[in-house]
Amino acid sequence: MQNGPDELSLVFQALADPTRREILSRLRGGPTTVGELAEPFAMSRPAISQHLKVLERAGLIERTATAQWRTCTLRTEPLDEASAWVERHRGEWNARFDVLDERLRELKGQTDA
């Protein structure tokens with residue numbers, strides 16, 4: 001048994017927040033300063049910093065400091081791992097939905113009779 005969340009759980013927790021997803025979207029264009037990332041959000045710098053900490057803990061960003069500039073860079077490896085996990089389970093989920101659809105059609109047929 002683990003003491004804390006596994007890496008995949010950290011990624012999904014980070015992705016659960018719309019502000020963090022928007023930050024990741026903004027980083028697709030390349031490394032960006034923290035100030036530039038914070039610009040469009042109506043929240044305090046400490047709040048943005050907390051979001052960045054969550055993303056960094058999940059391995060989704062890397063933060064570097066050069067002189068007075070703090071820059072964030074997107075790391076895609078954790079996203080690749082999350083995508084691979086979803087794909088591994090997609091077939092099972094689709095099969096279950098197919099069974100559910102069939103059962104619902106049966107039940108609908110019984111009520112129409």
# chains A, B, ... in the order shown; residues from 1 in each chain; ligands from 1
$ residues_around --residues "Glu56 (chain A)" --least-positions-apart "6" --cutoff "12 Å" --atoms "only C-alpha atoms" --output "list of chain:residue names"
A:Glu7, A:Leu10, A:Val11, A:Ala14, A:Leu15, A:Arg20, A:Ile23, A:Leu24, A:Ser49, A:Gln50, A:Glu62, A:Arg63, A:Thr64, A:Cys72, A:Thr73, A:Leu74, A:Arg75, A:Thr76, A:Pro78
$ select_by_dssp --residues "chain A" --states "strand (DSSP E or B)" --output "PyMOL selection string"
chain A and resi 32-33+61-66+69-74
$ residues_around --residues "Ala82 (chain A)" --least-positions-apart "2" --cutoff "12 Å" --atoms "only C-alpha atoms" --output "PDB file with C-alpha atoms, in the first residue's frame"
ATOM      1  CA  ASP A   6       0.641   7.809  -7.234  1.00  0.00           C
ATOM      2  CA  GLU A   7       1.936   9.822 -10.191  1.00  0.00           C
ATOM      3  CA  LEU A   8      -1.129   9.173 -12.336  1.00  0.00           C
ATOM      4  CA  SER A   9      -3.440  10.364  -9.548  1.00  0.00           C
ATOM      5  CA  LEU A  10      -1.406  13.568  -9.235  1.00  0.00           C
ATOM      6  CA  VAL A  11      -1.786  14.183 -12.971  1.00  0.00           C
ATOM      7  CA  PHE A  12      -5.558  13.655 -12.938  1.00  0.00           C
ATOM      8  CA  GLN A  13      -5.921  15.824  -9.814  1.00  0.00           C
ATOM      9  CA  ALA A  14      -3.948  18.591 -11.511  1.00  0.00           C
ATOM     10  CA  LEU A  15      -6.055  18.308 -14.672  1.00  0.00           C
ATOM     11  CA  ALA A  58       2.357  16.286 -10.942  1.00  0.00           C
ATOM     12  CA  GLY A  59       5.372  16.650 -13.226  1.00  0.00           C
ATOM     13  CA  LEU A  60       3.362  18.607 -15.798  1.00  0.00           C
ATOM     14  CA  THR A  76       4.269  16.233 -21.836  1.00  0.00           C
ATOM     15  CA  GLU A  77       5.458  12.869 -20.493  1.00  0.00           C
ATOM     16  CA  PRO A  78       2.869  12.723 -17.672  1.00  0.00           C
ATOM     17  CA  LEU A  79       0.130  13.612 -20.176  1.00  0.00           C
ATOM     18  CA  ASP A  80       1.320  10.788 -22.426  1.00  0.00           C
ATOM     19  CA  ALA A  84      -2.060   5.706 -22.415  1.00  0.00           C
ATOM     20  CA  TRP A  85      -3.961   4.747 -19.240  1.00  0.00           C
ATOM     21  CA  VAL A  86      -7.242   6.042 -20.695  1.00  0.00           C
ATOM     22  CA  GLU A  87      -6.632   4.177 -23.966  1.00  0.00           C
ATOM     23  CA  ARG A  88      -5.912   0.903 -22.130  1.00  0.00           C
ATOM     24  CA  HIS A  89      -9.294   1.150 -20.415  1.00  0.00           C
TER      25      HIS A  89
END
$ select_by_dssp --residues "region 6-85 of chain A" --states "helix (DSSP H, G or I)" --output "tab-separated table (two decimals) with N, CA and C atoms, in the first residue's frame"
chain	number	residue	atom	x	y	z
A	7	GLU	N	1.70	8.78	-9.19
A	7	GLU	CA	1.94	9.82	-10.19
A	7	GLU	C	0.71	10.07	-11.07
A	8	LEU	N	0.04	9.01	-11.48
A	8	LEU	CA	-1.13	9.17	-12.34
A	8	LEU	C	-2.24	9.93	-11.61
A	9	SER	N	-2.43	9.64	-10.34
A	9	SER	CA	-3.44	10.36	-9.55
A	9	SER	C	-3.10	11.84	-9.46
A	10	LEU	N	-1.82	12.17	-9.29
A	10	LEU	CA	-1.41	13.57	-9.24
A	10	LEU	C	-1.71	14.28	-10.55
A	11	VAL	N	-1.50	13.59	-11.67
A	11	VAL	CA	-1.79	14.18	-12.97
A	11	VAL	C	-3.28	14.45	-13.11
A	12	PHE	N	-4.11	13.45	-12.80
A	12	PHE	CA	-5.56	13.65	-12.94
A	12	PHE	C	-6.08	14.72	-11.97
A	13	GLN	N	-5.52	14.77	-10.76
A	13	GLN	CA	-5.92	15.82	-9.81
A	13	GLN	C	-5.56	17.20	-10.36
A	14	ALA	N	-4.37	17.31	-10.94
A	14	ALA	CA	-3.95	18.59	-11.51
A	14	ALA	C	-4.85	18.99	-12.67
A	15	LEU	N	-5.22	18.02	-13.50
A	15	LEU	CA	-6.05	18.31	-14.67
A	15	LEU	C	-7.51	18.58	-14.31
A	18	PRO	N	-9.96	23.79	-13.92
A	18	PRO	CA	-9.95	24.52	-15.20
A	18	PRO	C	-8.83	25.56	-15.31
A	19	THR	N	-8.46	26.19	-14.21
A	19	THR	CA	-7.36	27.16	-14.25
A	19	THR	C	-6.06	26.46	-14.62
A	20	ARG	N	-5.81	25.30	-14.03
A	20	ARG	CA	-4.58	24.57	-14.33
A	20	ARG	C	-4.58	24.06	-15.77
A	21	ARG	N	-5.75	23.64	-16.26
A	21	ARG	CA	-5.82	23.22	-17.67
A	21	ARG	C	-5.52	24.39	-18.59
A	22	GLU	N	-6.03	25.56	-18.25
A	22	GLU	CA	-5.76	26.75	-19.07
A	22	GLU	C	-4.27	27.12	-19.03
A	23	ILE	N	-3.66	27.00	-17.87
A	23	ILE	CA	-2.22	27.26	-17.77
A	23	ILE	C	-1.45	26.32	-18.68
A	24	LEU	N	-1.81	25.04	-18.66
A	24	LEU	CA	-1.14	24.07	-19.54
A	24	LEU	C	-1.36	24.42	-21.01
A	25	SER	N	-2.56	24.83	-21.34
A	25	SER	CA	-2.84	25.23	-22.73
A	25	SER	C	-1.97	26.41	-23.14
A	26	ARG	N	-1.80	27.35	-22.24
A	26	ARG	CA	-0.96	28.52	-22.55
A	26	ARG	C	0.50	28.13	-22.72
A	27	LEU	N	0.93	27.07	-22.05
A	27	LEU	CA	2.33	26.64	-22.14
A	27	LEU	C	2.62	25.85	-23.41
A	34	VAL	N	6.10	33.36	-15.28
A	34	VAL	CA	4.98	33.26	-14.35
A	34	VAL	C	4.07	34.47	-14.49
A	35	GLY	N	4.66	35.64	-14.68
A	35	GLY	CA	3.85	36.86	-14.86
A	35	GLY	C	2.95	36.78	-16.07
A	36	GLU	N	3.47	36.26	-17.18
A	36	GLU	CA	2.66	36.11	-18.39
A	36	GLU	C	1.56	35.08	-18.18
A	37	LEU	N	1.88	34.01	-17.45
A	37	LEU	CA	0.85	33.00	-17.17
A	37	LEU	C	-0.26	33.57	-16.29
A	38	ALA	N	0.10	34.41	-15.35
A	38	ALA	CA	-0.87	34.96	-14.39
A	38	ALA	C	-1.76	36.03	-15.01
A	45	ARG	N	-1.31	36.54	-7.13
A	45	ARG	CA	-0.08	35.82	-7.47
A	45	ARG	C	0.11	34.59	-6.58
A	46	PRO	N	-0.18	34.68	-5.27
A	46	PRO	CA	-0.06	33.47	-4.44
A	46	PRO	C	-1.00	32.34	-4.92
A	47	ALA	N	-2.18	32.70	-5.40
A	47	ALA	CA	-3.12	31.68	-5.90
A	47	ALA	C	-2.55	31.03	-7.16
A	48	ILE	N	-2.00	31.84	-8.06
A	48	ILE	CA	-1.37	31.29	-9.27
A	48	ILE	C	-0.20	30.40	-8.87
A	49	SER	N	0.56	30.84	-7.90
A	49	SER	CA	1.71	30.06	-7.43
A	49	SER	C	1.27	28.69	-6.91
A	50	GLN	N	0.14	28.66	-6.22
A	50	GLN	CA	-0.38	27.38	-5.72
A	50	GLN	C	-0.74	26.46	-6.88
A	51	HIS	N	-1.37	27.00	-7.91
A	51	HIS	CA	-1.71	26.20	-9.09
A	51	HIS	C	-0.43	25.66	-9.75
A	52	LEU	N	0.58	26.50	-9.83
A	52	LEU	CA	1.84	26.07	-10.44
A	52	LEU	C	2.51	24.97	-9.61
A	53	LYS	N	2.40	25.06	-8.29
A	53	LYS	CA	2.96	24.02	-7.42
A	53	LYS	C	2.28	22.68	-7.67
A	54	VAL	N	0.97	22.71	-7.84
A	54	VAL	CA	0.23	21.47	-8.12
A	54	VAL	C	0.69	20.88	-9.46
A	55	LEU	N	0.81	21.73	-10.47
A	55	LEU	CA	1.26	21.26	-11.79
A	55	LEU	C	2.69	20.73	-11.73
A	56	GLU	N	3.53	21.40	-10.98
A	56	GLU	CA	4.92	20.95	-10.85
A	56	GLU	C	5.00	19.63	-10.10
A	57	ARG	N	4.24	19.50	-9.04
A	57	ARG	CA	4.22	18.25	-8.25
A	57	ARG	C	3.76	17.06	-9.10
A	77	GLU	N	5.38	14.29	-20.85
A	77	GLU	CA	5.46	12.87	-20.49
A	77	GLU	C	4.32	12.42	-19.57
A	78	PRO	N	3.99	13.16	-18.51
A	78	PRO	CA	2.87	12.72	-17.67
A	78	PRO	C	1.54	12.70	-18.42
A	79	LEU	N	1.35	13.62	-19.37
A	79	LEU	CA	0.13	13.61	-20.18
A	79	LEU	C	0.09	12.38	-21.07
A	80	ASP	N	1.25	11.99	-21.61
A	80	ASP	CA	1.32	10.79	-22.43
A	80	ASP	C	0.94	9.56	-21.61
A	81	GLU	N	1.43	9.51	-20.37
A	81	GLU	CA	1.11	8.37	-19.49
A	81	GLU	C	-0.38	8.34	-19.16
A	82	ALA	N	-0.97	9.50	-18.90
A	82	ALA	CA	-2.42	9.56	-18.60
A	82	ALA	C	-3.22	9.14	-19.82
A	83	SER	N	-2.82	9.59	-20.98
A	83	SER	CA	-3.50	9.22	-22.22
A	83	SER	C	-3.41	7.72	-22.47
A	84	ALA	N	-2.24	7.15	-22.24
A	84	ALA	CA	-2.06	5.71	-22.42
A	84	ALA	C	-2.96	4.93	-21.45
A	85	TRP	N	-3.10	5.41	-20.21
A	85	TRP	CA	-3.96	4.75	-19.24
A	85	TRP	C	-5.41	4.77	-19.72
$ atom_distance --atom1 "CA of Trp69 (chain A)" --atom2 "CA of Phe41 (chain A)"
19.1 Å
